[in-house]
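> Here's a structure for you.
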Amino acid sequence: MSKPNIALIGMGLIGSSLGHALKKNNLVAHVSGYARSPETRARALDIGFVDSVHDTAIEACADADIVFFNTPLSAIKGLAEEIIPTLKDNVILTDVGSVKKGVIDELTPLLGGRVHLVPGHPIAGTEESGPDSGFAELFDGRWCILTPSGETSLIAVEQIAKLWRDMGSEVEFMEAEHHDLVLAITSHLPHLIAYNIVGTASQLESDTRSDVIKYSASGFRDFTRIASSDPIMWRDIFLQNKDAVLEMLGRFSEDLTALQRAIRRGDGEHLERIFTTTRAIRKSVVEAGQDTDAPNFGRDK
Ligand code: NAP
């Protein structure tokens with residue numbers, strides 16, 4: 001099969017990493033790009049992870065065989081409404097959004113039986129954003145979850161799965177609802193907790209606050225990394241994955257209350273039991289190749 005023309009709609013961390021990875025692995029005939037601001041479009045062309053940039057999403061997609069939506073979740077529907085009527089037949093639309101059911105519910109009614117939808121989510125990222133933050137190896141050795149409906153063309157699904165594998169990812173298929181529930185506990189709740197603890201610290205009296213920063217290497221700094229993630233992206237994730245996040249937050253609050261009670265009552269046995277279990281989970285994460293086994297994440301400080 002000849003190499004496809006691919007349009008990147010959104011050229012921040014994920015969009016630019018896609019451009020780099022597609023080019024580095026020689027998977028694409030032409031990469032066209034569109035982002036909201038002229039600055040990002042000019043920067044993308046300068047860096048060179050796209051072959052052309054365009055002033056509108058419609059122009060960027062004119063010759064595309066595959067369109068990747070790499071914008072915040074709240075922008076996808078409007079962009080899809082704009083481009084779908086102008087696309088060639090059998091174009092494959094895909095995305096990288098962190099919540100899947102909302103994207104599917106929004107886009108499915110727009111497809112008109114003419115174009116295919118293969119929703120996706122690479123489980124890879126950093127706290128950085130923008131066109132300068134991407135790199136070709138971001139997806140290497142990381143999971144990419146695809147959540148196509150049973151009615152989606154298998155050829156389209158396989159083409160997107162192959163692209164991700166060729167960029168170094170391992171591909172897994174899932175129901176969208178299941179994806180959203182799993183990600184609520186593995187990604188969304190940890191971000192909410194990080195935003196909350198850093199937010200609480202930011203409201204402390206100024207003397208205490210400077211000590212919080214000074215001694216942050218004792219644990220706090222790891223939350224600050226997560227809590228510096230893009231506010232718009234994360235606003236959209238919590239709004240779109242409301243039910244699953246509230247479900248997990250409910251369980252989390254119950255467990256937190258149990259810990260609070262154990263501390264108040266001096267129940268060391270309860271604390272030790274929980275902390276021993278969580279230590280074993282850290283070991284499993286490392287054994288599953290999801291993190292380094294070097295102490296302190298391999299930092300020298
Ligand atoms: P990002 O670095 O902030 O980039 C977002 C891009 O979308 C920018 O190029 C921005 O253009 C563009 N954009 C925003 N609104 C737009 C609009 N209305 N029309 C056209 N372009 C628009 O974000 P990201 O981290 O790459 O995240 C993108 C998507 O990937 C999100 O849906 C997120 O859920 C998902 N995701 C993120 C991560 C992660 O760790 N960051 C991991 C997996 C999946 P301007 O630069 O011109 O504003």
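By convention here, the chains of the structure tokens are called A, B, ... in the order presented, each chain's residues are numbered starting at 1, and ligands are numbered starting at 1 in the order presented.
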Report as a tab-separated table the residues of chain A within 6 Å of ligand 1, each with its shortest atom pair and distance in Å (one decimal), using only C-alpha atoms and all ligand atoms, ordered by chain and increasing residue number.

```
residue	atom	partner	partner_atom_place_in_ligand_line	distance
A:Gly10	CA	ligand 1	7 (O)	3.7
A:Met11	CA	ligand 1	9 (O)	3.6
A:Gly12	CA	ligand 1	4 (O)	3.2
A:Leu13	CA	ligand 1	26 (O)	3.7
A:Ile14	CA	ligand 1	26 (O)	3.8
A:Gly15	CA	ligand 1	26 (O)	5.6
A:Ala35	CA	ligand 1	21 (N)	3.9
A:Arg36	CA	ligand 1	47 (O)	3.8
A:Ser37	CA	ligand 1	47 (O)	3.5
A:Thr40	CA	ligand 1	46 (O)	4.9
A:Asn70	CA	ligand 1	28 (C)	4.5
A:Thr71	CA	ligand 1	7 (O)	3.5
A:Pro72	CA	ligand 1	32 (O)	3.8
A:Leu73	CA	ligand 1	32 (O)	4.6
A:Ala75	CA	ligand 1	18 (N)	4.7
A:Val96	CA	ligand 1	30 (O)	5.0
A:Gly97	CA	ligand 1	32 (O)	3.8
A:Ser98	CA	ligand 1	34 (O)	4.0
A:His121	CA	ligand 1	44 (C)	5.8
A:Pro122	CA	ligand 1	43 (C)	5.2
A:Ile123	CA	ligand 1	43 (C)	5.6
A:Ala124	CA	ligand 1	42 (C)	5.2
A:Gly125	CA	ligand 1	40 (O)	3.2
A:Thr126	CA	ligand 1	40 (O)	4.7
A:Ser129	CA	ligand 1	2 (O)	3.3
A:Gly130	CA	ligand 1	2 (O)	3.9
A:Met233	CA	ligand 1	34 (O)	5.7
```
> From range 154-249 of chain A, collect each residue whose DSSP state is strand (DSSP E or B) and return the set as a VMD selection string.
chain A and resid 170 to 173
> Those same residues - C-alpha atoms - I'd like them written as a PDB file, in the first residue's frame.

```pdb
ATOM      1  CA  GLU A 170       2.023  -1.335  21.440  1.00  0.00           C
ATOM      2  CA  VAL A 171      -1.612  -1.251  20.396  1.00  0.00           C
ATOM      3  CA  GLU A 172      -4.503  -2.392  22.589  1.00  0.00           C
ATOM      4  CA  PHE A 173      -8.219  -2.369  21.701  1.00  0.00           C
TER       5      PHE A 173
END
```
> If you run DSSP on this backbone, which residues of range 38-259 of chain A come out as alpha helix (DSSP H), and could you give them as JSON, numbers by chain?
{"A": [38, 39, 40, 41, 42, 43, 44, 45, 46, 47, 57, 58, 59, 60, 61, 73, 74, 75, 76, 77, 78, 79, 80, 81, 82, 83, 101, 102, 103, 104, 105, 106, 107, 154, 155, 156, 157, 158, 159, 160, 161, 162, 163, 164, 165, 166, 176, 177, 178, 179, 180, 181, 182, 183, 189, 190, 191, 192, 193, 194, 195, 196, 197, 198, 199, 200, 201, 202, 206, 207, 208, 209, 210, 211, 212, 213, 214, 220, 221, 222, 223, 224, 225, 226, 227, 231, 232, 233, 234, 235, 236, 237, 238, 239, 240, 242, 243, 244, 245, 246, 247, 248, 249, 250, 251, 252, 253, 254, 255, 256, 257, 258, 259]}
> Would you mind listing what lies within 9 Å of range 102-110 of chain A as a ChimeraX atom specification, with only C-alpha atoms counted and same-chain residues fewer than 5 positions away left out?
/A:73,76-77,80-81,84-85,95,97,117,119,147-149,176,240-241
> For Lys162 in chain A, which of A:Cys144, A:Ala62, A:Ala244, A:Tyr195 is the closest residue, counting only C-alpha atoms?
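Counting only C-alpha atoms, the residue closest to Lys162 in chain A is A:Cys144.
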> Using only C-alpha atoms, find each residue of range 145-240 of chain A with at least one atom at most 8 Å away from an atom of range 21-29 of chain A; report its shortest atom-to-atom pair and that distance in Å (one decimal), sort the rows by chain and rising residue number, and return the result as a tab-separated table.

```
residue	atom	partner	partner_atom	distance
A:Leu163	CA	A:Leu27	CA	7.4
A:Asp166	CA	A:Asn25	CA	7.1
A:Met167	CA	A:Ala21	CA	5.9
```
> Report, in Å to a single decimal, how far apart CA of Glu175 in chain A and CA of Ile92 in chain A are.
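It comes out at 19.0 Å.
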> Using CA of Leu249 in chain A and CA of Ser218 in chain A as the two end points, give the distance in Å to one decimal.
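Between CA of Leu249 in chain A and CA of Ser218 in chain A the gap works out to 25.4 Å.
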> Check the smallest atom-to-atom distance from each of A:Ala156, A:Leu146, A:Ala136, A:Ile6 to Lys100 in chain A using only C-alpha atoms, then report the winner.
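Using only C-alpha atoms, the shortest distance to Lys100 in chain A belongs to A:Leu146.
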> Name the closest residue to Leu256 in chain A among the candidates A:Ser206, A:Ile193, A:Leu79, A:Ser52; distances are taken between atoms, counting only C-alpha atoms.
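Looking at the shortest contact to Leu256 in chain A, the residue is A:Ile193.
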